[in-house]
Every structure is written in structure tokens, then in C-alpha cells.
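model_19.json (JSON, C-alpha atoms)
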[["chain", "number", "residue", "atom", "x", "y", "z"],
["A", 27, "MET", "CA", 0.00, 0.00, 0.00],
["A", 28, "VAL", "CA", 1.30, 3.42, -0.99],
["A", 29, "THR", "CA", 0.34, 6.27, 1.29],
["A", 30, "ALA", "CA", -0.88, 9.35, -0.52],
["A", 31, "PRO", "CA", 0.73, 12.61, 0.55],
["A", 32, "PRO", "CA", -1.60, 15.37, 1.74],
["A", 33, "ASN", "CA", -3.68, 16.76, -1.09],
["A", 34, "ALA", "CA", -2.33, 14.23, -3.59],
["A", 35, "TYR", "CA", -3.69, 14.94, -7.04],
["A", 36, "VAL", "CA", -3.64, 13.76, -10.63],
["A", 37, "GLU", "CA", -4.18, 16.25, -13.43],
["A", 38, "LEU", "CA", -4.42, 15.61, -17.15],
["A", 39, "ASN", "CA", -4.77, 18.12, -19.94],
["A", 40, "PHE", "CA", -5.57, 16.32, -23.18],
["A", 41, "ARG", "CA", -7.97, 15.69, -26.00],
["A", 42, "PRO", "CA", -9.80, 12.57, -24.88],
["A", 43, "ASN", "CA", -11.37, 10.16, -27.30],
["A", 44, "VAL", "CA", -13.59, 7.18, -26.65],
["A", 45, "GLN", "CA", -10.69, 4.75, -26.31],
["A", 46, "LEU", "CA", -8.72, 7.02, -23.98],
["A", 47, "VAL", "CA", -11.64, 7.38, -21.58],
["A", 48, "SER", "CA", -11.34, 3.74, -20.54],
["A", 49, "VAL", "CA", -7.55, 4.04, -20.37],
["A", 50, "VAL", "CA", -7.85, 6.96, -17.95],
["A", 51, "ARG", "CA", -10.54, 5.18, -15.90],
["A", 52, "ARG", "CA", -8.24, 2.17, -15.48],
["A", 53, "PHE", "CA", -5.32, 4.39, -14.50],
["A", 54, "VAL", "CA", -7.42, 6.28, -11.95],
["A", 55, "SER", "CA", -8.74, 3.02, -10.58],
["A", 56, "GLU", "CA", -5.25, 1.55, -10.21],
["A", 57, "PHE", "CA", -3.79, 4.77, -8.79],
["A", 58, "TYR", "CA", -6.45, 5.27, -6.13],
["A", 59, "GLN", "CA", -6.69, 1.58, -5.29],
["A", 60, "ARG", "CA", -3.12, 1.93, -4.09],
["A", 61, "THR", "CA", -3.61, 5.22, -2.27],
["A", 62, "LEU", "CA", -7.16, 5.34, -0.86],
["A", 63, "ASN", "CA", -7.43, 1.83, 0.58],
["A", 64, "ASP", "CA", -11.16, 1.98, -0.12],
["A", 65, "PRO", "CA", -12.23, -0.26, -3.03],
["A", 66, "ASP", "CA", -15.78, 1.04, -3.11],
["A", 67, "GLY", "CA", -14.61, 4.65, -2.96],
["A", 68, "THR", "CA", -12.09, 3.98, -5.71],
["A", 69, "SER", "CA", -14.83, 2.41, -7.83],
["A", 70, "ARG", "CA", -17.03, 5.49, -7.37],
["A", 71, "VAL", "CA", -14.18, 7.83, -8.34],
["A", 72, "ALA", "CA", -13.43, 5.72, -11.42],
["A", 73, "LEU", "CA", -17.08, 5.69, -12.46],
["A", 74, "ALA", "CA", -17.34, 9.46, -12.12],
["A", 75, "THR", "CA", -14.10, 9.97, -14.05],
["A", 76, "HIS", "CA", -15.38, 7.82, -16.90],
["A", 77, "GLU", "CA", -18.77, 9.50, -17.12],
["A", 78, "LEU", "CA", -17.34, 13.02, -16.96],
["A", 79, "LEU", "CA", -14.74, 12.28, -19.64],
["A", 80, "GLU", "CA", -17.27, 10.62, -21.95],
["A", 81, "ASN", "CA", -19.41, 13.73, -21.69],
["A", 82, "ALA", "CA", -16.36, 15.79, -22.60],
["A", 83, "VAL", "CA", -15.68, 13.63, -25.67],
["A", 84, "LYS", "CA", -19.27, 13.91, -26.85],
["A", 85, "TYR", "CA", -19.97, 17.56, -26.13],
["A", 86, "SER", "CA", -16.69, 19.47, -26.09],
["A", 87, "LYS", "CA", -16.38, 22.27, -28.64],
["A", 88, "ASP", "CA", -12.65, 21.84, -29.25],
["A", 89, "GLY", "CA", -11.76, 18.58, -27.55],
["A", 90, "GLU", "CA", -9.42, 20.25, -25.06],
["A", 91, "THR", "CA", -10.18, 18.89, -21.60],
["A", 92, "THR", "CA", -8.67, 19.19, -18.16],
["A", 93, "ILE", "CA", -9.43, 16.66, -15.49],
["A", 94, "ARG", "CA", -8.00, 16.97, -12.00],
["A", 95, "ILE", "CA", -8.62, 14.51, -9.21],
["A", 96, "GLU", "CA", -7.56, 15.72, -5.79],
["A", 97, "VAL", "CA", -7.59, 13.91, -2.49],
["A", 98, "ASP", "CA", -7.58, 15.83, 0.77],
["A", 99, "THR", "CA", -6.05, 13.26, 3.07],
["A", 100, "ASN", "CA", -7.55, 14.69, 6.23],
["A", 101, "GLN", "CA", -10.10, 12.28, 7.66],
["A", 102, "PRO", "CA", -12.61, 11.62, 6.29],
["A", 103, "ARG", "CA", -10.92, 11.98, 2.95],
["A", 104, "LEU", "CA", -12.54, 14.35, 0.52],
["A", 105, "VAL", "CA", -12.11, 13.50, -3.16],
["A", 106, "THR", "CA", -12.74, 16.26, -5.67],
["A", 107, "ILE", "CA", -12.90, 15.69, -9.40],
["A", 108, "LEU", "CA", -12.74, 18.77, -11.57],
["A", 109, "LEU", "CA", -13.49, 18.63, -15.27],
["A", 110, "ARG", "CA", -13.05, 21.72, -17.40],
["A", 111, "ASN", "CA", -13.79, 22.14, -21.11],
["A", 112, "ARG", "CA", -15.60, 24.33, -23.61],
["A", 113, "ALA", "CA", -19.06, 22.90, -24.14],
["A", 114, "THR", "CA", -21.82, 23.42, -26.65],
["A", 115, "ASP", "CA", -24.93, 25.39, -25.67],
["A", 116, "PRO", "CA", -27.24, 22.33, -25.69],
["A", 117, "HIS", "CA", -24.83, 20.53, -23.39],
["A", 118, "ILE", "CA", -24.63, 23.46, -20.99],
["A", 119, "THR", "CA", -28.42, 23.49, -20.89],
["A", 120, "ALA", "CA", -28.45, 19.75, -20.19],
["A", 121, "ILE", "CA", -25.89, 20.18, -17.38],
["A", 122, "ARG", "CA", -28.03, 22.88, -15.78],
["A", 123, "GLU", "CA", -31.16, 20.73, -15.98],
["A", 124, "ILE", "CA", -29.57, 17.65, -14.45],
["A", 125, "VAL", "CA", -27.34, 19.25, -11.82],
["A", 126, "ASP", "CA", -29.91, 21.82, -10.70],
["A", 127, "GLY", "CA", -32.57, 19.10, -10.68],
["A", 128, "MET", "CA", -30.43, 16.82, -8.54],
["A", 129, "ALA", "CA", -29.59, 19.68, -6.16],
["A", 130, "ALA", "CA", -33.24, 20.59, -5.74],
["A", 131, "ALA", "CA", -34.45, 17.01, -5.31],
["A", 132, "LYS", "CA", -35.22, 15.86, -1.78],
["A", 133, "ASP", "CA", -34.08, 12.36, -2.73],
["A", 134, "SER", "CA", -31.36, 12.09, -5.36],
["A", 135, "PHE", "CA", -31.97, 8.36, -5.84],
["A", 136, "ALA", "CA", -35.67, 8.98, -6.54],
["A", 137, "PHE", "CA", -34.68, 11.71, -9.01],
["A", 138, "TYR", "CA", -32.38, 9.23, -10.74],
["A", 139, "GLN", "CA", -35.10, 6.59, -10.88],
["A", 140, "ASP", "CA", -37.48, 9.11, -12.50],
["A", 141, "LEU", "CA", -34.75, 9.95, -15.00],
["A", 142, "LEU", "CA", -34.33, 6.26, -15.88],
["A", 143, "VAL", "CA", -38.02, 6.15, -16.77],
["A", 144, "GLN", "CA", -37.77, 9.34, -18.84],
["A", 145, "LYS", "CA", -34.64, 8.30, -20.74],
["A", 146, "ALA", "CA", -35.48, 4.63, -21.30],
["A", 147, "LYS", "CA", -36.67, 5.16, -24.87],
["A", 148, "ARG", "CA", -34.25, 7.94, -25.78],
["A", 149, "ARG", "CA", -32.04, 7.14, -28.76],
["A", 150, "ASP", "CA", -29.46, 9.95, -28.63],
["A", 151, "GLY", "CA", -27.07, 9.37, -25.73],
["A", 152, "SER", "CA", -28.14, 8.28, -22.29],
["A", 153, "GLY", "CA", -28.64, 11.61, -20.51],
["A", 154, "LEU", "CA", -27.86, 9.66, -17.35],
["A", 155, "GLY", "CA", -24.14, 10.22, -16.77],
["A", 156, "LEU", "CA", -24.23, 13.13, -14.31],
["A", 157, "ALA", "CA", -27.20, 11.75, -12.41],
["A", 158, "ARG", "CA", -25.47, 8.39, -12.20],
["A", 159, "ILE", "CA", -22.42, 10.05, -10.64],
["A", 160, "CYS", "CA", -24.66, 11.58, -7.96],
["A", 161, "ALA", "CA", -26.96, 8.63, -7.29],
["A", 162, "GLU", "CA", -24.65, 5.64, -7.74],
["A", 163, "GLY", "CA", -21.37, 7.41, -7.07],
["A", 164, "GLU", "CA", -22.79, 9.25, -4.05],
["A", 165, "MET", "CA", -21.19, 12.46, -5.19],
["A", 166, "LYS", "CA", -22.30, 16.04, -5.05],
["A", 167, "ILE", "CA", -21.89, 17.89, -8.34],
["A", 168, "THR", "CA", -21.66, 21.63, -8.80],
["A", 169, "TYR", "CA", -20.82, 23.62, -11.91],
["A", 170, "ARG", "CA", -20.01, 27.05, -13.16],
["A", 171, "VAL", "CA", -19.90, 28.52, -16.64],
["A", 172, "ILE", "CA", -17.11, 30.99, -17.38],
["A", 173, "GLU", "CA", -16.70, 33.13, -20.51],
["A", 174, "GLY", "CA", -19.96, 31.82, -21.93],
["A", 175, "ASP", "CA", -18.86, 28.30, -22.84],
["A", 176, "LEU", "CA", -16.08, 27.22, -20.45],
["A", 177, "VAL", "CA", -17.67, 24.74, -18.09],
["A", 178, "GLU", "CA", -16.22, 23.59, -14.78],
["A", 179, "LEU", "CA", -17.85, 20.59, -13.21],
["A", 180, "LEU", "CA", -16.86, 19.66, -9.65],
["A", 181, "ALA", "CA", -17.79, 16.29, -8.20],
["A", 182, "ASN", "CA", -17.12, 15.73, -4.48],
["A", 183, "THR", "CA", -17.34, 12.74, -2.23],
["A", 184, "THR", "CA", -15.81, 11.38, 0.92],
["A", 185, "VAL", "CA", -14.09, 8.02, 0.99],
["A", 186, "GLY", "CA", -13.19, 5.60, 3.72],
["A", 187, "VAL", "CA", -10.83, 6.22, 6.57],
["A", 188, "THR", "CA", -7.53, 4.37, 6.40],
["A", 189, "PRO", "CA", -7.35, 1.79, 9.19],
["B", 18, "MET", "CA", -28.29, -28.89, -25.53],
["B", 19, "SER", "CA", -28.04, -25.12, -25.82],
["B", 20, "THR", "CA", -28.38, -23.07, -28.98],
["B", 21, "GLU", "CA", -26.53, -19.82, -29.58],
["B", 22, "ILE", "CA", -28.92, -16.98, -30.35],
["B", 23, "ALA", "CA", -26.50, -14.06, -30.29],
["B", 24, "ALA", "CA", -22.78, -13.38, -30.05],
["B", 25, "VAL", "CA", -21.03, -10.03, -30.28],
["B", 26, "ASP", "CA", -17.39, -8.98, -30.15],
["B", 27, "ALA", "CA", -16.55, -5.27, -30.06],
["B", 28, "GLU", "CA", -12.98, -4.36, -29.10],
["B", 29, "ASP", "CA", -12.90, -4.80, -25.30],
["B", 30, "PHE", "CA", -16.43, -6.16, -25.06],
["B", 31, "LYS", "CA", -17.81, -9.62, -25.69],
["B", 32, "GLY", "CA", -21.31, -10.97, -25.28],
["B", 33, "GLN", "CA", -23.05, -14.25, -25.90],
["B", 34, "ALA", "CA", -26.60, -15.51, -25.46],
["B", 35, "LEU", "CA", -27.58, -19.18, -25.38],
["B", 36, "HIS", "CA", -31.06, -20.69, -25.37],
["B", 37, "ASP", "CA", -31.54, -23.77, -23.24],
["B", 38, "GLY", "CA", -35.05, -25.04, -22.50],
["B", 39, "GLU", "CA", -37.13, -22.37, -20.79],
["B", 40, "ALA", "CA", -34.20, -20.02, -20.24],
["B", 41, "ILE", "CA", -31.76, -17.81, -22.08],
["B", 42, "GLU", "CA", -28.32, -17.45, -20.55],
["B", 43, "THR", "CA", -26.48, -14.31, -21.50],
["B", 44, "SER", "CA", -22.93, -13.37, -20.58],
["B", 45, "LEU", "CA", -21.22, -9.98, -20.86],
["B", 46, "GLN", "CA", -17.45, -9.60, -20.55],
["B", 47, "GLY", "CA", -14.89, -6.81, -20.72],
["B", 48, "THR", "CA", -15.77, -3.13, -20.90],
["B", 49, "ALA", "CA", -19.21, -1.97, -22.00],
["B", 50, "ASP", "CA", -18.44, 1.59, -23.02],
["B", 51, "TYR", "CA", -19.24, 3.76, -26.02],
["B", 52, "ALA", "CA", -17.50, 1.32, -28.39],
["B", 53, "ALA", "CA", -19.72, -1.54, -27.18],
["B", 54, "LEU", "CA", -23.04, 0.29, -27.36],
["B", 55, "ASP", "CA", -24.22, -0.88, -30.80],
["B", 56, "ALA", "CA", -23.20, -4.47, -30.07],
["B", 57, "LEU", "CA", -25.00, -4.50, -26.73],
["B", 58, "GLU", "CA", -28.16, -2.96, -28.22],
["B", 59, "MET", "CA", -28.14, -5.52, -31.02],
["B", 60, "MET", "CA", -27.60, -8.39, -28.63],
["B", 61, "LEU", "CA", -30.30, -7.42, -26.15],
["B", 62, "GLY", "CA", -32.72, -6.76, -29.00],
["B", 63, "ARG", "CA", -32.08, -10.27, -30.24],
["B", 64, "VAL", "CA", -32.43, -11.73, -26.74],
["B", 65, "HIS", "CA", -35.76, -9.98, -26.26],
["B", 66, "ALA", "CA", -37.09, -11.07, -29.65],
["B", 67, "GLU", "CA", -36.07, -14.68, -29.05],
["B", 68, "ALA", "CA", -37.38, -14.67, -25.49],
["B", 69, "LYS", "CA", -40.78, -13.63, -26.83],
["B", 70, "ARG", "CA", -40.72, -16.08, -29.74],
["B", 71, "LEU", "CA", -39.60, -19.02, -27.62],
["B", 72, "GLY", "CA", -41.75, -18.15, -24.62],
["B", 73, "VAL", "CA", -38.89, -18.42, -22.16],
["B", 74, "ARG", "CA", -39.60, -17.65, -18.51],
["B", 75, "ASN", "CA", -36.13, -16.60, -17.39],
["B", 76, "VAL", "CA", -33.19, -14.73, -18.83],
["B", 77, "THR", "CA", -29.91, -14.72, -16.94],
["B", 78, "VAL", "CA", -27.28, -12.05, -17.51],
["B", 79, "ASP", "CA", -23.87, -13.05, -16.20],
["B", 80, "MET", "CA", -21.89, -9.87, -15.53],
["B", 81, "ARG", "CA", -19.20, -11.40, -13.35],
["B", 82, "LYS", "CA", -16.50, -10.67, -15.92],
["B", 83, "LEU", "CA", -17.84, -7.27, -16.93],
["B", 84, "GLU", "CA", -15.20, -4.81, -15.75],
["B", 85, "PHE", "CA", -17.25, -1.68, -16.35],
["B", 86, "MET", "CA", -20.45, -0.41, -17.96],
["B", 87, "ASN", "CA", -20.99, 3.22, -18.90],
["B", 88, "SER", "CA", -24.28, 5.08, -18.62],
["B", 89, "SER", "CA", -25.15, 4.65, -22.30],
["B", 90, "CYS", "CA", -24.87, 0.87, -22.03],
["B", 91, "PHE", "CA", -26.64, 0.95, -18.67],
["B", 92, "LYS", "CA", -29.47, 2.82, -20.32],
["B", 93, "THR", "CA", -29.66, -0.02, -22.86],
["B", 94, "LEU", "CA", -30.34, -2.40, -19.96],
["B", 95, "VAL", "CA", -33.01, 0.00, -18.68],
["B", 96, "SER", "CA", -34.63, 0.16, -22.12],
["B", 97, "TRP", "CA", -34.63, -3.62, -22.38],
["B", 98, "ILE", "CA", -36.24, -4.03, -18.95],
["B", 99, "THR", "CA", -38.82, -1.43, -19.98],
["B", 100, "ASP", "CA", -39.60, -3.52, -23.07],
["B", 101, "VAL", "CA", -40.15, -6.55, -20.82],
["B", 102, "GLN", "CA", -42.42, -4.51, -18.54],
["B", 103, "GLU", "CA", -44.50, -3.49, -21.54],
["B", 104, "LEU", "CA", -45.19, -7.08, -22.61],
["B", 105, "PRO", "CA", -48.58, -8.57, -21.72],
["B", 106, "GLU", "CA", -48.29, -10.08, -18.26],
["B", 107, "ALA", "CA", -48.41, -13.66, -19.53],
["B", 108, "ALA", "CA", -45.49, -13.03, -21.87],
["B", 109, "ARG", "CA", -43.20, -11.31, -19.38],
["B", 110, "TYR", "CA", -40.05, -13.09, -18.36],
["B", 111, "LYS", "CA", -37.85, -12.67, -15.31],
["B", 112, "VAL", "CA", -34.30, -11.34, -15.56],
["B", 113, "THR", "CA", -31.58, -12.44, -13.17],
["B", 114, "PHE", "CA", -28.24, -10.63, -13.08],
["B", 115, "LEU", "CA", -25.21, -12.49, -11.77],
["B", 116, "SER", "CA", -22.84, -9.93, -10.28],
["B", 117, "ASN", "CA", -19.27, -9.93, -9.04],
["B", 118, "PRO", "CA", -19.02, -8.51, -5.50],
["B", 119, "LYS", "CA", -15.44, -7.41, -6.19],
["B", 120, "LEU", "CA", -16.64, -5.09, -8.95],
["B", 121, "TYR", "CA", -18.23, -2.51, -6.69],
["B", 122, "TRP", "CA", -19.97, -0.48, -9.40],
["B", 123, "GLN", "CA", -22.11, -3.53, -10.20],
["B", 124, "LYS", "CA", -23.75, -3.54, -6.78],
["B", 125, "ARG", "CA", -24.73, 0.12, -7.12],
["B", 126, "SER", "CA", -25.87, -0.02, -10.75],
["B", 127, "LEU", "CA", -27.80, -3.24, -10.35],
["B", 128, "HIS", "CA", -29.50, -1.88, -7.24],
["B", 129, "SER", "CA", -30.70, 1.02, -9.41],
["B", 130, "LEU", "CA", -31.93, -1.40, -12.05],
["B", 131, "ARG", "CA", -33.73, -3.62, -9.57],
["B", 132, "SER", "CA", -35.39, -0.60, -7.94],
["B", 133, "PHE", "CA", -36.62, 0.33, -11.40],
["B", 134, "ALA", "CA", -38.30, -3.06, -11.93],
["B", 135, "VAL", "CA", -38.47, -4.88, -8.62],
["B", 136, "ASP", "CA", -41.02, -7.42, -9.88],
["B", 137, "LEU", "CA", -38.88, -8.53, -12.83],
["B", 138, "VAL", "CA", -35.26, -8.18, -11.81],
["B", 139, "THR", "CA", -33.29, -10.33, -9.39],
["B", 140, "ILE", "CA", -29.63, -9.83, -8.45],
["B", 141, "THR", "CA", -27.44, -12.73, -7.43],
["B", 142, "GLU", "CA", -23.89, -12.24, -6.21],
["B", 143, "ALA", "CA", -21.77, -15.14, -7.30]]
Can the structure from this file be put into C-alpha cells for me?
Amino acid sequence: MVTAPPNAYVELNFRPNVQLVSVVRRFVSEFYQRTLNDPDGTSRVALATHELLENAVKYSKDGETTIRIEVDTNQPRLVTILLRNRATDPHITAIREIVDGMAAAKDSFAFYQDLLVQKAKRRDGSGLGLARICAEGEMKITYRVIEGDLVELLANTTVGVTP
Amino acid sequence: MSTEIAAVDAEDFKGQALHDGEAIETSLQGTADYAALDALEMMLGRVHAEAKRLGVRNVTVDMRKLEFMNSSCFKTLVSWITDVQELPEAARYKVTFLSNPKLYWQKRSLHSLRSFAVDLVTITEA
């Protein structure tokens, strides 16, 4: 087991494609498996990383993407995933709808279940990625839009305490 | 004696469905991400069509070697379960997912799927 230094982080600036998303997810999974000592927490971080990067591949204006995963090693550990890219207007609208909807919902799992019903017959993309991060990944997502089209998504969660 | 009704191979993803008596046994392996989406949709469409035609009562989906599934492929499972829900009651079949407890995402995603269709979906850790 490798012990992560305080505020250990991984940051990538790249142009992800579909194949690279899984490569990064595997790297993140391996990296945090060895530093977090929390398999379920690592799985949630990997899931969120994959979903955020796939969104970036599908909706980025120019492909340029930054992803930063930071671990505050105070107990309980806070993991923050930041994804930054320039997004299309329809995608920004979709982010607002999902993230604001999740934030306003009394029960994020119930919100996700309603979304599954709504999206079941949809043909173009799943529309589930961000809600999945919140409901299955037990993460809180916030966002901000800078300069009109530069989107920053922040996903936060706490992971297990090292024995 | 089982009969193959579907088999797909898409980069890091493989799937197979076999008919045997009153059941269809499906297995998914590898990574079900964007590159696997068309293959998974095709396979589950075929499984559903054959389940209706053959009047099977149970479909098993073995996910024990499925490393990861993205939300697009997960939505394909949701759509399939919705199709089963929409069948006349007498034609509906049950779906059992075999999950790997070491792949933690499976527990969370399959819990979501079961909550969506508690009368049709069963999860078995194996």
C-alpha cells in the first residue's frame, strides 16, 4: 500500500477520445486503489471519471479537456474531481437541468429513478451520466460557466478512513 | 443442448446468449463503453425477440467478468427491462443478473436497475 501525501492529485490536460476514456478510468482506478485503501470509494471515483470524460468527448467544442482529481487526506478523505472544457450550448443546458434538478431534489436516488423512466426510450445518448455520478457514485456535483462556454464541473465525495 | 442466439465482439467487449429449454443465458465480458453500445443494443434486441418467440420464462445475464459499464450501455439495460415490462403479463419473463461482488460499481448499478423493476429483476452475487 502506498500512502498518498496530503492533497495528492492527478491532473491531465488532453484531447480525450472514446478509447482514452477507458484508459484513464483504469489508470485512476489503479492509482487510487493503491492510495485510498477503499475499493468502493475507488470504484465510485473511477465511475465518475469515466462518465465526466465521456461527456467531454461527446460535447466538447474543441476537444481540449482538463481533469483533475484531488484527495484531501484529512479524515474523512474528501475527493474532488474537476473537469473543465468548452461545451456546446445544448450541453450546458443539459448540465443545468440535471445538476440543478439533482440539487433541488429531496431524494437524489428517486430523481435518478425518474430519470431512468424518462430516458429509457431515448435514442441519442443516455442523458444519465451526471445523475449516475450523484446517485450511484454518491457524489455532489456543482458547476459554473465561465466566458460563456467554459464549463467547470466539480464532483465531491468522501471516501473511507484508512485503518 | 443449448443453442446460440446471439454473439457479439466489439474491441474490449464480448457478449453471448444461449437458449436452453425455458431459459436464455447471457454473458457480458470486458468493458461496455461507447464502443460496445451498438453491439449490446443488437444483442439485447435479439435476446428480447427470441425470449418472446420461444416463450422463455427466465433470462440470466452473467456480468461477473464485466469490468465496467458506462451510462449509455446501462441505459440499454433499462430500455430492455422497460420492453419486458411493456409485454402482456403472460409473456413477461424474469431477468436475473449475476454480479461480481469485487466489482463494486455492479452492486450500485444493479441496485438502481432492480429498484426500477423490482417485480422482474433479481440480483445474485456469485
So which one's closest to Thr43 in chain B, B:Leu137, B:Val101, B:Val76, B:Leu57? Using only C-alpha atoms, please. B:Val76
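Nearest to chain B of all the residues A:Tyr169, A:Tyr35, A:Phe53, A:Tyr138 is A:Tyr138, counting all atoms listed in the file.
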Using all atoms listed in the file, find the one residue out of B:Leu104, B:Leu94, B:Ala24, B:Val135 that sits nearest to Ser44 in chain B. B:Ala24
Provide the CA of Val71 in chain A to CA of Ala134 in chain B distance in Å, to one decimal place. 26.7 Å
Could you give me, as a PyMOL selection string, the residues within 7 Å of range 151-154 of chain A, counting all atoms listed in the file and dropping anything in the same chain fewer than 6 positions from it? (chain A and resi 145) or (chain B and resi 88-89+92)
Mind dumping a table of every chain B residue within 7 Å of chain A, with the nearest atom pair and its distance in Å to one decimal, using only C-alpha atoms, sorted by chain and rising number, as a tab-separated table?
residue	atom	partner	partner_atom	distance
B:Tyr51	CA	A:Val44	CA	6.6
B:Asn87	CA	A:Glu77	CA	6.9
B:Ser88	CA	A:Gly155	CA	5.5
B:Ser89	CA	A:Ser152	CA	4.7
B:Lys92	CA	A:Ser152	CA	6.0
B:Val95	CA	A:Ala146	CA	5.9
B:Ser96	CA	A:Ala146	CA	4.6
B:Tyr121	CA	A:Asp66	CA	5.6
B:Trp122	CA	A:Ser69	CA	6.1
B:Arg125	CA	A:Glu162	CA	5.6
B:Ser126	CA	A:Glu162	CA	6.5
B:Phe133	CA	A:Gln139	CA	6.5
Mind writing the picked residues with C-alpha atoms as a JSON list (two decimals), in the coordinates of the input?
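Below you can see selection35.json, which holds the result:
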[["chain", "number", "residue", "atom", "x", "y", "z"],
["B", 51, "TYR", "CA", -19.24, 3.76, -26.02],
["B", 87, "ASN", "CA", -20.99, 3.22, -18.90],
["B", 88, "SER", "CA", -24.28, 5.08, -18.62],
["B", 89, "SER", "CA", -25.15, 4.65, -22.30],
["B", 92, "LYS", "CA", -29.47, 2.82, -20.32],
["B", 95, "VAL", "CA", -33.01, 0.00, -18.68],
["B", 96, "SER", "CA", -34.63, 0.16, -22.12],
["B", 121, "TYR", "CA", -18.23, -2.51, -6.69],
["B", 122, "TRP", "CA", -19.97, -0.48, -9.40],
["B", 125, "ARG", "CA", -24.73, 0.12, -7.12],
["B", 126, "SER", "CA", -25.87, -0.02, -10.75],
["B", 133, "PHE", "CA", -36.62, 0.33, -11.40]]
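Our summary of the geometry notes that CA of Thr75 in chain A is positioned 26.9 Å from CA of Met59 in chain B.
Shortest atom-to-atom contact with Asp50 in chain B among B:Thr93, B:Ser19, B:Gln33, B:Thr77: B:Thr93, counting only C-alpha atoms.
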Using only C-alpha atoms, which residues sit within 10 Å of Asp29 in chain B once same-chain residues fewer than 4 positions away are excluded, as a VMD selection string? (chain A and resid 45 48) or (chain B and resid 46 to 50 52 to 53 84)
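Picture a line from CA of Glu37 in chain A to CA of Asp115 in chain A; it runs 25.8 Å.
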Using only C-alpha atoms, determine which residues lie at most 12 Å from range 107-109 of chain A, disregarding the query and same-chain residues fewer than 5 positions distant; provide the list as a ChimeraX atom specification. /A:35-40,42,54,70-83,86,90-98,159,165-171,176-184
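For Lys31 in chain B, the set of protein, DNA and RNA residues having any atom at most 6 Å away, when counting only C-alpha atoms and skipping those fewer than 3 positions along the same chain, is B:Val25, B:Asp26, B:Leu45, B:Gln46.
For the residues A:Gly127, A:Pro102, A:Gly89, A:Gly186, ranking by smallest atom-to-atom distance to Arg41 in chain A using all atoms listed in the file places A:Gly89 first.
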Range 110-118 of chain B environment, 9 Å, only C-alpha atoms, sequence neighbours closer than 2 positions dropped, as number ranges by chain: B: 68-69, 72-83, 98, 101-102, 104, 106-108, 120-124, 127, 136-143
Now that the selection is made, can you save its residues with C-alpha atoms as a PDB file, in the coordinates of the input?
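Okay, this is what ended up in selection.pdb:
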ATOM      1  CA  ALA B  68     -37.380 -14.670 -25.490  1.00  0.00           C
ATOM      2  CA  LYS B  69     -40.780 -13.630 -26.830  1.00  0.00           C
ATOM      3  CA  GLY B  72     -41.750 -18.150 -24.620  1.00  0.00           C
ATOM      4  CA  VAL B  73     -38.890 -18.420 -22.160  1.00  0.00           C
ATOM      5  CA  ARG B  74     -39.600 -17.650 -18.510  1.00  0.00           C
ATOM      6  CA  ASN B  75     -36.130 -16.600 -17.390  1.00  0.00           C
ATOM      7  CA  VAL B  76     -33.190 -14.730 -18.830  1.00  0.00           C
ATOM      8  CA  THR B  77     -29.910 -14.720 -16.940  1.00  0.00           C
ATOM      9  CA  VAL B  78     -27.280 -12.050 -17.510  1.00  0.00           C
ATOM     10  CA  ASP B  79     -23.870 -13.050 -16.200  1.00  0.00           C
ATOM     11  CA  MET B  80     -21.890  -9.870 -15.530  1.00  0.00           C
ATOM     12  CA  ARG B  81     -19.200 -11.400 -13.350  1.00  0.00           C
ATOM     13  CA  LYS B  82     -16.500 -10.670 -15.920  1.00  0.00           C
ATOM     14  CA  LEU B  83     -17.840  -7.270 -16.930  1.00  0.00           C
ATOM     15  CA  ILE B  98     -36.240  -4.030 -18.950  1.00  0.00           C
ATOM     16  CA  VAL B 101     -40.150  -6.550 -20.820  1.00  0.00           C
ATOM     17  CA  GLN B 102     -42.420  -4.510 -18.540  1.00  0.00           C
ATOM     18  CA  LEU B 104     -45.190  -7.080 -22.610  1.00  0.00           C
ATOM     19  CA  GLU B 106     -48.290 -10.080 -18.260  1.00  0.00           C
ATOM     20  CA  ALA B 107     -48.410 -13.660 -19.530  1.00  0.00           C
ATOM     21  CA  ALA B 108     -45.490 -13.030 -21.870  1.00  0.00           C
ATOM     22  CA  LEU B 120     -16.640  -5.090  -8.950  1.00  0.00           C
ATOM     23  CA  TYR B 121     -18.230  -2.510  -6.690  1.00  0.00           C
ATOM     24  CA  TRP B 122     -19.970  -0.480  -9.400  1.00  0.00           C
ATOM     25  CA  GLN B 123     -22.110  -3.530 -10.200  1.00  0.00           C
ATOM     26  CA  LYS B 124     -23.750  -3.540  -6.780  1.00  0.00           C
ATOM     27  CA  LEU B 127     -27.800  -3.240 -10.350  1.00  0.00           C
ATOM     28  CA  ASP B 136     -41.020  -7.420  -9.880  1.00  0.00           C
ATOM     29  CA  LEU B 137     -38.880  -8.530 -12.830  1.00  0.00           C
ATOM     30  CA  VAL B 138     -35.260  -8.180 -11.810  1.00  0.00           C
ATOM     31  CA  THR B 139     -33.290 -10.330  -9.390  1.00  0.00           C
ATOM     32  CA  ILE B 140     -29.630  -9.830  -8.450  1.00  0.00           C
ATOM     33  CA  THR B 141     -27.440 -12.730  -7.430  1.00  0.00           C
ATOM     34  CA  GLU B 142     -23.890 -12.240  -6.210  1.00  0.00           C
ATOM     35  CA  ALA B 143     -21.770 -15.140  -7.300  1.00  0.00           C
TER      36      ALA B 143
END
As JSON: centre and edge lengths in Å, one decimal, of the axis-aligned box holding range 136-146 of chain A with 4 Å per side:
{"center_x": -35.2, "center_y": 8.2, "center_z": -13.9, "size_x": 13.6, "size_y": 15.1, "size_z": 22.8}
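Distances to Ala129 in chain A were evaluated for A:Ala34, A:Leu62, A:Cys160, A:Val50 using only C-alpha atoms, and the minimum falls at A:Cys160.
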